[in-house]
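Heads up, final-v4.pdb below (PDB, C-alpha atoms):
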MODEL        1
ATOM      1  CA  MET A 221      92.219  87.679 124.471  1.00  0.00           C
ATOM      2  CA  ILE A 222      92.587  89.943 121.432  1.00  0.00           C
ATOM      3  CA  ARG A 223      91.087  93.359 122.169  1.00  0.00           C
ATOM      4  CA  VAL A 224      89.253  94.699 119.105  1.00  0.00           C
ATOM      5  CA  ALA A 225      87.514  98.006 118.349  1.00  0.00           C
ATOM      6  CA  VAL A 226      85.296  98.741 115.344  1.00  0.00           C
ATOM      7  CA  VAL A 227      84.960 102.265 113.958  1.00  0.00           C
ATOM      8  CA  ASP A 228      82.173 102.818 111.428  1.00  0.00           C
ATOM      9  CA  ASP A 229      79.513 105.476 110.973  1.00  0.00           C
ATOM     10  CA  GLU A 230      76.817 102.833 110.351  1.00  0.00           C
ATOM     11  CA  ARG A 231      75.409 101.329 113.540  1.00  0.00           C
ATOM     12  CA  LEU A 232      74.195  98.273 111.645  1.00  0.00           C
ATOM     13  CA  VAL A 233      77.711  97.519 110.390  1.00  0.00           C
ATOM     14  CA  ARG A 234      79.131  97.851 113.895  1.00  0.00           C
ATOM     15  CA  SER A 235      76.457  95.546 115.317  1.00  0.00           C
ATOM     16  CA  GLY A 236      77.085  92.952 112.614  1.00  0.00           C
ATOM     17  CA  LEU A 237      80.832  92.929 113.216  1.00  0.00           C
ATOM     18  CA  ARG A 238      80.290  92.718 116.959  1.00  0.00           C
ATOM     19  CA  MET A 239      78.099  89.644 116.472  1.00  0.00           C
ATOM     20  CA  ILE A 240      80.605  87.965 114.157  1.00  0.00           C
ATOM     21  CA  LEU A 241      83.667  88.620 116.291  1.00  0.00           C
ATOM     22  CA  GLY A 242      81.769  87.726 119.462  1.00  0.00           C
ATOM     23  CA  THR A 243      81.618  84.117 118.329  1.00  0.00           C
ATOM     24  CA  ALA A 244      85.415  83.758 118.567  1.00  0.00           C
ATOM     25  CA  PRO A 245      86.583  82.575 122.006  1.00  0.00           C
ATOM     26  CA  ASP A 246      89.875  84.457 121.793  1.00  0.00           C
ATOM     27  CA  ILE A 247      88.483  87.845 120.651  1.00  0.00           C
ATOM     28  CA  GLU A 248      86.969  90.535 122.867  1.00  0.00           C
ATOM     29  CA  MET A 249      85.081  93.460 121.341  1.00  0.00           C
ATOM     30  CA  VAL A 250      86.071  96.310 123.642  1.00  0.00           C
ATOM     31  CA  ALA A 251      84.466  99.198 121.724  1.00  0.00           C
ATOM     32  CA  ASP A 252      82.495 100.249 118.677  1.00  0.00           C
ATOM     33  CA  CYS A 253      81.931 103.856 117.697  1.00  0.00           C
ATOM     34  CA  SER A 254      81.700 106.391 114.891  1.00  0.00           C
ATOM     35  CA  GLY A 255      84.592 108.433 113.549  1.00  0.00           C
ATOM     36  CA  ALA A 256      84.018 111.523 115.677  1.00  0.00           C
ATOM     37  CA  GLU A 257      84.823 109.698 118.906  1.00  0.00           C
ATOM     38  CA  ALA A 258      87.164 107.103 117.447  1.00  0.00           C
ATOM     39  CA  VAL A 259      90.629 108.193 118.569  1.00  0.00           C
ATOM     40  CA  GLU A 260      89.688 108.851 122.190  1.00  0.00           C
ATOM     41  CA  THR A 261      87.609 105.668 122.405  1.00  0.00           C
ATOM     42  CA  VAL A 262      90.154 103.358 120.779  1.00  0.00           C
ATOM     43  CA  LEU A 263      93.119 104.613 122.779  1.00  0.00           C
ATOM     44  CA  GLY A 264      91.063 104.707 125.976  1.00  0.00           C
ATOM     45  CA  CYS A 265      90.105 101.028 125.738  1.00  0.00           C
ATOM     46  CA  ALA A 266      93.624  99.926 124.714  1.00  0.00           C
ATOM     47  CA  ALA A 267      92.436  98.061 121.628  1.00  0.00           C
ATOM     48  CA  GLU A 268      95.103  95.926 119.948  1.00  0.00           C
ATOM     49  CA  VAL A 269      93.290  95.676 116.604  1.00  0.00           C
ATOM     50  CA  VAL A 270      91.036  98.267 114.992  1.00  0.00           C
ATOM     51  CA  LEU A 271      88.686  97.716 112.069  1.00  0.00           C
ATOM     52  CA  LEU A 272      88.235 101.205 110.635  1.00  0.00           C
ATOM     53  CA  ASP A 273      85.808 102.418 107.981  1.00  0.00           C
ATOM     54  CA  ILE A 274      87.819 104.172 105.285  1.00  0.00           C
ATOM     55  CA  ARG A 275      85.045 106.692 104.478  1.00  0.00           C
ATOM     56  CA  MET A 276      82.925 108.379 107.159  1.00  0.00           C
ATOM     57  CA  PRO A 277      80.950 111.634 107.024  1.00  0.00           C
ATOM     58  CA  ASP A 278      82.029 113.191 110.330  1.00  0.00           C
ATOM     59  CA  VAL A 279      85.745 112.336 110.525  1.00  0.00           C
ATOM     60  CA  ASP A 280      87.215 110.401 107.612  1.00  0.00           C
ATOM     61  CA  GLY A 281      89.051 107.144 108.180  1.00  0.00           C
ATOM     62  CA  LEU A 282      92.379 108.442 106.933  1.00  0.00           C
ATOM     63  CA  THR A 283      92.376 111.154 109.604  1.00  0.00           C
ATOM     64  CA  VAL A 284      91.548 108.613 112.312  1.00  0.00           C
ATOM     65  CA  LEU A 285      94.244 106.269 111.002  1.00  0.00           C
ATOM     66  CA  ARG A 286      96.844 109.025 111.021  1.00  0.00           C
ATOM     67  CA  ARG A 287      96.032 109.971 114.622  1.00  0.00           C
ATOM     68  CA  LEU A 288      96.022 106.380 115.839  1.00  0.00           C
ATOM     69  CA  ARG A 289      99.359 105.657 114.169  1.00  0.00           C
ATOM     70  CA  ALA A 290     100.840 108.682 115.969  1.00  0.00           C
ATOM     71  CA  ALA A 291     100.073 107.156 119.383  1.00  0.00           C
ATOM     72  CA  PRO A 292     103.008 105.855 121.472  1.00  0.00           C
ATOM     73  CA  GLU A 293     101.741 102.265 121.175  1.00  0.00           C
ATOM     74  CA  PRO A 294      99.463 102.276 118.121  1.00  0.00           C
ATOM     75  CA  PRO A 295      97.071  99.403 117.427  1.00  0.00           C
ATOM     76  CA  ALA A 296      97.104  97.426 114.205  1.00  0.00           C
ATOM     77  CA  VAL A 297      94.536  99.042 111.920  1.00  0.00           C
ATOM     78  CA  ALA A 298      92.768  97.356 109.022  1.00  0.00           C
ATOM     79  CA  MET A 299      90.614  99.535 106.797  1.00  0.00           C
ATOM     80  CA  LEU A 300      87.040  98.478 106.090  1.00  0.00           C
ATOM     81  CA  THR A 301      86.228  99.391 102.514  1.00  0.00           C
ATOM     82  CA  THR A 302      83.918  98.819  99.563  1.00  0.00           C
ATOM     83  CA  PHE A 303      84.656  98.294  95.885  1.00  0.00           C
ATOM     84  CA  ASP A 304      84.032 101.986  95.132  1.00  0.00           C
ATOM     85  CA  ALA A 305      86.672 103.390  97.503  1.00  0.00           C
ATOM     86  CA  GLN A 306      89.815 102.507  95.571  1.00  0.00           C
ATOM     87  CA  GLU A 307      91.070 106.089  95.479  1.00  0.00           C
ATOM     88  CA  TYR A 308      91.603 105.925  99.254  1.00  0.00           C
ATOM     89  CA  LEU A 309      93.566 102.687  99.359  1.00  0.00           C
ATOM     90  CA  THR A 310      97.042 103.888  98.443  1.00  0.00           C
ATOM     91  CA  ALA A 311      96.723 106.844 100.830  1.00  0.00           C
ATOM     92  CA  ALA A 312      95.734 104.505 103.678  1.00  0.00           C
ATOM     93  CA  LEU A 313      98.661 102.226 102.879  1.00  0.00           C
ATOM     94  CA  ARG A 314     101.095 105.120 103.093  1.00  0.00           C
ATOM     95  CA  GLU A 315      99.545 106.215 106.399  1.00  0.00           C
ATOM     96  CA  GLY A 316     100.342 102.843 107.947  1.00  0.00           C
ATOM     97  CA  ALA A 317      97.265 100.666 107.451  1.00  0.00           C
ATOM     98  CA  ALA A 318      98.026  97.034 108.269  1.00  0.00           C
ATOM     99  CA  GLY A 319      95.435  95.708 105.855  1.00  0.00           C
ATOM    100  CA  PHE A 320      92.246  96.124 103.885  1.00  0.00           C
ATOM    101  CA  LEU A 321      88.993  94.187 104.284  1.00  0.00           C
ATOM    102  CA  LEU A 322      85.707  94.410 102.450  1.00  0.00           C
ATOM    103  CA  LYS A 323      82.706  95.108 104.667  1.00  0.00           C
ATOM    104  CA  ASP A 324      80.990  91.991 103.393  1.00  0.00           C
ATOM    105  CA  SER A 325      83.943  89.703 104.138  1.00  0.00           C
ATOM    106  CA  ASP A 326      83.141  86.138 105.081  1.00  0.00           C
ATOM    107  CA  PRO A 327      82.793  85.797 108.901  1.00  0.00           C
ATOM    108  CA  GLU A 328      85.538  83.160 109.114  1.00  0.00           C
ATOM    109  CA  GLN A 329      87.849  85.320 107.040  1.00  0.00           C
ATOM    110  CA  LEU A 330      87.170  88.292 109.316  1.00  0.00           C
ATOM    111  CA  VAL A 331      88.009  86.344 112.469  1.00  0.00           C
ATOM    112  CA  ARG A 332      91.143  84.937 110.831  1.00  0.00           C
ATOM    113  CA  ALA A 333      92.165  88.450 109.769  1.00  0.00           C
ATOM    114  CA  VAL A 334      91.863  89.793 113.327  1.00  0.00           C
ATOM    115  CA  ARG A 335      94.093  87.006 114.603  1.00  0.00           C
ATOM    116  CA  THR A 336      96.658  87.704 111.893  1.00  0.00           C
ATOM    117  CA  LEU A 337      96.673  91.423 112.690  1.00  0.00           C
ATOM    118  CA  ALA A 338      97.122  90.720 116.392  1.00  0.00           C
ATOM    119  CA  ASP A 339     100.123  88.550 115.520  1.00  0.00           C
ATOM    120  CA  GLY A 340     101.684  91.406 113.578  1.00  0.00           C
ATOM    121  CA  GLY A 341     100.712  90.153 110.147  1.00  0.00           C
ATOM    122  CA  SER A 342      99.070  91.953 107.223  1.00  0.00           C
ATOM    123  CA  VAL A 343      95.704  91.255 105.618  1.00  0.00           C
ATOM    124  CA  LEU A 344      94.417  91.961 102.128  1.00  0.00           C
ATOM    125  CA  ASP A 345      90.964  90.860 101.050  1.00  0.00           C
ATOM    126  CA  PRO A 346      91.206  89.248  97.593  1.00  0.00           C
ATOM    127  CA  GLY A 347      88.606  91.748  96.418  1.00  0.00           C
ATOM    128  CA  VAL A 348      90.935  94.711  96.960  1.00  0.00           C
ATOM    129  CA  THR A 349      94.377  93.149  96.527  1.00  0.00           C
ATOM    130  CA  ARG A 350      94.715  94.147  92.873  1.00  0.00           C
ATOM    131  CA  ALA A 351      93.697  97.755  93.599  1.00  0.00           C
ATOM    132  CA  VAL A 352      96.031  98.123  96.586  1.00  0.00           C
ATOM    133  CA  ILE A 353      99.095  96.589  94.945  1.00  0.00           C
ATOM    134  CA  GLY A 354      98.411  98.171  91.578  1.00  0.00           C
ATOM    135  CA  GLY A 355      97.985 101.633  93.063  1.00  0.00           C
ATOM    136  CA  TYR A 356     101.128 101.346  95.145  1.00  0.00           C
ATOM    137  CA  LEU A 357     103.282  99.809  92.452  1.00  0.00           C
ATOM    138  CA  THR A 358     102.610 102.617  90.008  1.00  0.00           C
ATOM    139  CA  ALA A 359     104.869 104.650  92.308  1.00  0.00           C
ATOM    140  CA  GLU A 360     107.367 101.848  92.966  1.00  0.00           C
ATOM    141  CA  ASP A 361     109.730 100.847  90.180  1.00  0.00           C
ATOM    142  CA  GLN A 362     110.625  97.157  90.110  1.00  0.00           C
ATOM    143  CA  SER A 363     114.346  97.854  89.925  1.00  0.00           C
ATOM    144  CA  ALA A 364     114.068 100.158  92.969  1.00  0.00           C
ATOM    145  CA  ALA A 365     112.514  97.317  94.958  1.00  0.00           C
ATOM    146  CA  ALA A 366     115.279  94.970  93.885  1.00  0.00           C
ATOM    147  CA  ARG A 367     117.932  97.488  94.921  1.00  0.00           C
ATOM    148  CA  ALA A 368     116.252  97.959  98.293  1.00  0.00           C
ATOM    149  CA  VAL A 369     116.377  94.277  99.188  1.00  0.00           C
ATOM    150  CA  ARG A 370     120.062  93.948  98.250  1.00  0.00           C
ATOM    151  CA  GLY A 371     120.954  95.608 101.536  1.00  0.00           C
ATOM    152  CA  LEU A 372     119.259  92.881 103.549  1.00  0.00           C
ATOM    153  CA  THR A 373     120.993  89.875 105.050  1.00  0.00           C
ATOM    154  CA  PRO A 374     120.017  86.448 103.677  1.00  0.00           C
ATOM    155  CA  ARG A 375     117.936  85.789 106.796  1.00  0.00           C
ATOM    156  CA  GLU A 376     116.177  89.154 106.515  1.00  0.00           C
ATOM    157  CA  SER A 377     115.425  88.442 102.857  1.00  0.00           C
ATOM    158  CA  GLU A 378     113.876  85.125 103.859  1.00  0.00           C
ATOM    159  CA  VAL A 379     111.730  86.857 106.464  1.00  0.00           C
ATOM    160  CA  LEU A 380     110.716  89.476 103.891  1.00  0.00           C
ATOM    161  CA  ALA A 381     109.634  86.759 101.478  1.00  0.00           C
ATOM    162  CA  LEU A 382     107.365  85.305 104.167  1.00  0.00           C
ATOM    163  CA  LEU A 383     105.989  88.768 104.892  1.00  0.00           C
ATOM    164  CA  GLY A 384     105.122  88.808 101.207  1.00  0.00           C
ATOM    165  CA  GLU A 385     102.928  85.786 101.817  1.00  0.00           C
ATOM    166  CA  GLY A 386     101.021  87.738 104.464  1.00  0.00           C
ATOM    167  CA  LEU A 387     102.310  85.674 107.393  1.00  0.00           C
ATOM    168  CA  GLY A 388     102.383  86.947 110.964  1.00  0.00           C
ATOM    169  CA  ASN A 389     105.357  86.726 113.313  1.00  0.00           C
ATOM    170  CA  ALA A 390     104.294  83.442 114.904  1.00  0.00           C
ATOM    171  CA  GLN A 391     103.740  81.832 111.493  1.00  0.00           C
ATOM    172  CA  ILE A 392     107.123  83.038 110.254  1.00  0.00           C
ATOM    173  CA  ALA A 393     108.790  81.780 113.428  1.00  0.00           C
ATOM    174  CA  ASP A 394     107.187  78.370 112.956  1.00  0.00           C
ATOM    175  CA  ARG A 395     108.142  78.230 109.280  1.00  0.00           C
ATOM    176  CA  MET A 396     111.773  79.182 109.934  1.00  0.00           C
ATOM    177  CA  GLY A 397     112.262  77.361 113.236  1.00  0.00           C
ATOM    178  CA  LEU A 398     113.048  80.595 115.088  1.00  0.00           C
ATOM    179  CA  ALA A 399     111.832  82.203 118.296  1.00  0.00           C
ATOM    180  CA  PRO A 400     109.073  84.812 117.766  1.00  0.00           C
ATOM    181  CA  SER A 401     111.272  87.418 119.444  1.00  0.00           C
ATOM    182  CA  THR A 402     114.023  86.725 116.890  1.00  0.00           C
ATOM    183  CA  VAL A 403     111.544  87.155 114.054  1.00  0.00           C
ATOM    184  CA  LYS A 404     110.405  90.473 115.521  1.00  0.00           C
ATOM    185  CA  ASP A 405     114.019  91.639 115.571  1.00  0.00           C
ATOM    186  CA  HIS A 406     114.503  90.643 111.925  1.00  0.00           C
ATOM    187  CA  VAL A 407     111.260  92.355 110.892  1.00  0.00           C
ATOM    188  CA  ARG A 408     112.192  95.537 112.729  1.00  0.00           C
ATOM    189  CA  ALA A 409     115.629  95.559 111.095  1.00  0.00           C
ATOM    190  CA  LEU A 410     114.444  94.931 107.544  1.00  0.00           C
ATOM    191  CA  LEU A 411     111.626  97.490 107.753  1.00  0.00           C
ATOM    192  CA  GLY A 412     114.198 100.051 108.843  1.00  0.00           C
ATOM    193  CA  LYS A 413     116.568  99.141 106.022  1.00  0.00           C
ATOM    194  CA  LEU A 414     113.720  99.471 103.517  1.00  0.00           C
ATOM    195  CA  GLY A 415     113.076 103.041 104.597  1.00  0.00           C
ATOM    196  CA  GLY A 416     110.878 102.692 107.660  1.00  0.00           C
ATOM    197  CA  ILE A 417     107.947 101.232 105.723  1.00  0.00           C
ATOM    198  CA  ASN A 418     105.183  99.096 107.258  1.00  0.00           C
ATOM    199  CA  ARG A 419     104.491  95.391 106.823  1.00  0.00           C
ATOM    200  CA  VAL A 420     101.981  95.745 104.007  1.00  0.00           C
ATOM    201  CA  GLN A 421     104.380  97.940 102.045  1.00  0.00           C
ATOM    202  CA  ALA A 422     107.176  95.452 102.763  1.00  0.00           C
ATOM    203  CA  ALA A 423     105.001  92.626 101.454  1.00  0.00           C
ATOM    204  CA  ILE A 424     104.452  94.558  98.228  1.00  0.00           C
ATOM    205  CA  VAL A 425     108.184  95.254  97.907  1.00  0.00           C
ATOM    206  CA  ALA A 426     108.835  91.524  98.386  1.00  0.00           C
ATOM    207  CA  ASP A 427     106.398  90.721  95.601  1.00  0.00           C
ATOM    208  CA  ARG A 428     107.843  93.406  93.328  1.00  0.00           C
ATOM    209  CA  ALA A 429     111.416  92.245  93.968  1.00  0.00           C
ATOM    210  CA  GLY A 430     110.514  88.695  92.992  1.00  0.00           C
ATOM    211  CA  LEU A 431     110.922  87.169  96.452  1.00  0.00           C
ATOM    212  CA  VAL A 432     107.391  85.747  96.588  1.00  0.00           C
ATOM    213  CA  THR A 433     107.522  82.732  94.316  1.00  0.00           C
ATOM    214  CA  GLY A 434     104.382  80.851  95.323  1.00  0.00           C
ATOM    215  CA  ALA A 435     100.746  81.797  95.715  1.00  0.00           C
ATOM    216  CA  PRO A 436     100.364  84.129  98.706  1.00  0.00           C
ATOM    217  CA  ARG A 437      99.049  82.407 101.809  1.00  0.00           C
ATOM    218  CA  GLY A 438      98.113  83.698 105.252  1.00  0.00           C
ATOM    219  CA  SER A 439      95.330  86.309 105.000  1.00  0.00           C
ATOM    220  CA  TRP A 440      96.214  87.637 101.555  1.00  0.00           C
TER
ENDMDL
END
Could you render the structure as structure tokens?
Amino acid sequence: MIRVAVVDDERLVRSGLRMILGTAPDIEMVADCSGAEAVETVLGCAAEVVLLDIRMPDVDGLTVLRRLRAAPEPPAVAMLTTFDAQEYLTAALREGAAGFLLKDSDPEQLVRAVRTLADGGSVLDPGVTRAVIGGYLTAEDQSAAARAVRGLTPRESEVLALLGEGLGNAQIADRMGLAPSTVKDHVRALLGKLGGINRVQAAIVADRAGLVTGAPRGSW
């Protein structure tokens, strides 16, 4: 079972997400709370995936994200956002967010996103993809991305390209005919070589370096 926690200041949003995720046989909602109690609650229930509101009145989502990412075994965190919160997206990406979802995402897409996050993948709702990539790439020169990937082995470059499609470890392993543990080793190595970035940032670097040739699949 995938252990999921939802952090949002609106009780109605939390209830709606609980209902949606409760329909999936492999997902268990272990907690839902507001920002003020988020860090203690999430870490206390050992959630594997967290859906976190990016803007909250008591404790903002970026602060919660930063504290969760500092934990010894941090959960995968996807930010819940709206179309009018674009100024927060790049900051959340740099703080280690594993993805971005709109609050009105389709129920099937939401369930699929949770599964991808639990598998180590990244998720970008089509409604925010342009804002996230555009905001990040203004600070990332295309030639710098190309130089960064030159230090990767051919196998690591292939894994990076699949990260660029938004695939999780199991999907990459299946695509390449490798063991999931081997894929994890490759991902860990290439993220380190690219400067200790996270999977979403690596996916953007892959796109910027021209490694993603087809339409992104997975949860992008």
>> Can you pull out the residues contacting A:Leu411? Cut-off 9 Å, using all atoms listed in the file, and skip same-chain residues under 6 positions away; I want them as number ranges by chain.
In response: A: 380, 417-419, 422
> Which of these residues is nearest to A:Pro295, using all atoms listed in the file: A:Ile247, A:Val279, A:Val334, A:Leu313?
Replying inline: A:Val334
> Which of these, A:Ala423, A:Met299, A:Ala390, A:Leu383, has the shortest distance to A:Asp228 once you count only C-alpha atoms?
Replying inline: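 Ranked by minimum distance to A:Asp228, first place goes to A:Met299.
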Result set, the PyMOL selection byres ((chain A and resi 227) around 6) on current file, as a compact mmCIF listing (two decimals) with C-alpha atoms, in the frame of the given file:
# COMPACT_ATOMS: atom_id res chain seq x y z
CA VAL A 226 85.30 98.74 115.34
CA ASP A 228 82.17 102.82 111.43
CA ASP A 252 82.50 100.25 118.68
CA CYS A 253 81.93 103.86 117.70
CA SER A 254 81.70 106.39 114.89
CA LEU A 272 88.24 101.20 110.64
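The two atoms in question, atom CA of A:Arg223 and atom CA of A:Val407, are spaced 23.1 Å apart.
Using all atoms listed in the file, the nearest neighbour of A:Arg335 within the list A:Glu248, A:Asp229, A:Asp394, A:Asp427 is A:Glu248.
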> Just so the selection is clear, what residues does the PyMOL selection byres ((chain A and resi 381) around 12) cover here, as a ChimeraX atom specification?
Replying inline: /A:369,372,374-380,382-388,392,395-396,407,410,419,422-437
Which residues of stretch 237-325 of chain A come within 10 Å of stretch 337-344 of chain A, and what is each one's closest atom pair and distance in Å (one decimal), counting all atoms listed in the file, sorted by chain and residue number, as JSON lines?
{"residue": "A:Glu268", "atom": "CA", "partner": "A:Ala338", "partner_atom": "CA", "distance": 6.6}
{"residue": "A:Val269", "atom": "CA", "partner": "A:Ala338", "partner_atom": "CA", "distance": 6.3}
{"residue": "A:Val270", "atom": "CA", "partner": "A:Leu337", "partner_atom": "CA", "distance": 9.2}
{"residue": "A:Pro295", "atom": "CA", "partner": "A:Ala338", "partner_atom": "CA", "distance": 8.7}
{"residue": "A:Ala296", "atom": "CA", "partner": "A:Leu337", "partner_atom": "CA", "distance": 6.2}
{"residue": "A:Val297", "atom": "CA", "partner": "A:Leu337", "partner_atom": "CA", "distance": 8.0}
{"residue": "A:Ala298", "atom": "CA", "partner": "A:Val343", "partner_atom": "CA", "distance": 7.6}
{"residue": "A:Met299", "atom": "CA", "partner": "A:Leu344", "partner_atom": "CA", "distance": 9.7}
{"residue": "A:Ala317", "atom": "CA", "partner": "A:Ser342", "partner_atom": "CA", "distance": 8.9}
{"residue": "A:Ala318", "atom": "CA", "partner": "A:Ser342", "partner_atom": "CA", "distance": 5.3}
{"residue": "A:Gly319", "atom": "CA", "partner": "A:Val343", "partner_atom": "CA", "distance": 4.5}
{"residue": "A:Phe320", "atom": "CA", "partner": "A:Leu344", "partner_atom": "CA", "distance": 5.0}
{"residue": "A:Leu321", "atom": "CA", "partner": "A:Leu344", "partner_atom": "CA", "distance": 6.2}
{"residue": "A:Leu322", "atom": "CA", "partner": "A:Leu344", "partner_atom": "CA", "distance": 9.1}
> Care to translate the PyMOL selection byres ((chain A and resi 277) around 12) into actual residues of this file, as a PyMOL selection string?
Replying inline: chain A and resi 228-230+254-256+273-276+278-283
I need the residues from that last selection saved to file as a PDB file, in the coordinates of the input (with C-alpha atoms), if you can.
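Output file out-v3.pdb follows:
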ATOM      1  CA  ASP A 228      82.173 102.818 111.428  1.00  0.00           C
ATOM      2  CA  ASP A 229      79.513 105.476 110.973  1.00  0.00           C
ATOM      3  CA  GLU A 230      76.817 102.833 110.351  1.00  0.00           C
ATOM      4  CA  SER A 254      81.700 106.391 114.891  1.00  0.00           C
ATOM      5  CA  GLY A 255      84.592 108.433 113.549  1.00  0.00           C
ATOM      6  CA  ALA A 256      84.018 111.523 115.677  1.00  0.00           C
ATOM      7  CA  ASP A 273      85.808 102.418 107.981  1.00  0.00           C
ATOM      8  CA  ILE A 274      87.819 104.172 105.285  1.00  0.00           C
ATOM      9  CA  ARG A 275      85.045 106.692 104.478  1.00  0.00           C
ATOM     10  CA  MET A 276      82.925 108.379 107.159  1.00  0.00           C
ATOM     11  CA  ASP A 278      82.029 113.191 110.330  1.00  0.00           C
ATOM     12  CA  VAL A 279      85.745 112.336 110.525  1.00  0.00           C
ATOM     13  CA  ASP A 280      87.215 110.401 107.612  1.00  0.00           C
ATOM     14  CA  GLY A 281      89.051 107.144 108.180  1.00  0.00           C
ATOM     15  CA  LEU A 282      92.379 108.442 106.933  1.00  0.00           C
ATOM     16  CA  THR A 283      92.376 111.154 109.604  1.00  0.00           C
TER      17      THR A 283
END
> For A:Arg370, which of A:Asp345, A:Lys413, A:Gln391, A:Val224 is the closest residue, counting all atoms listed in the file?
Replying inline: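 So, comparing all the options, the nearest one is A:Lys413.
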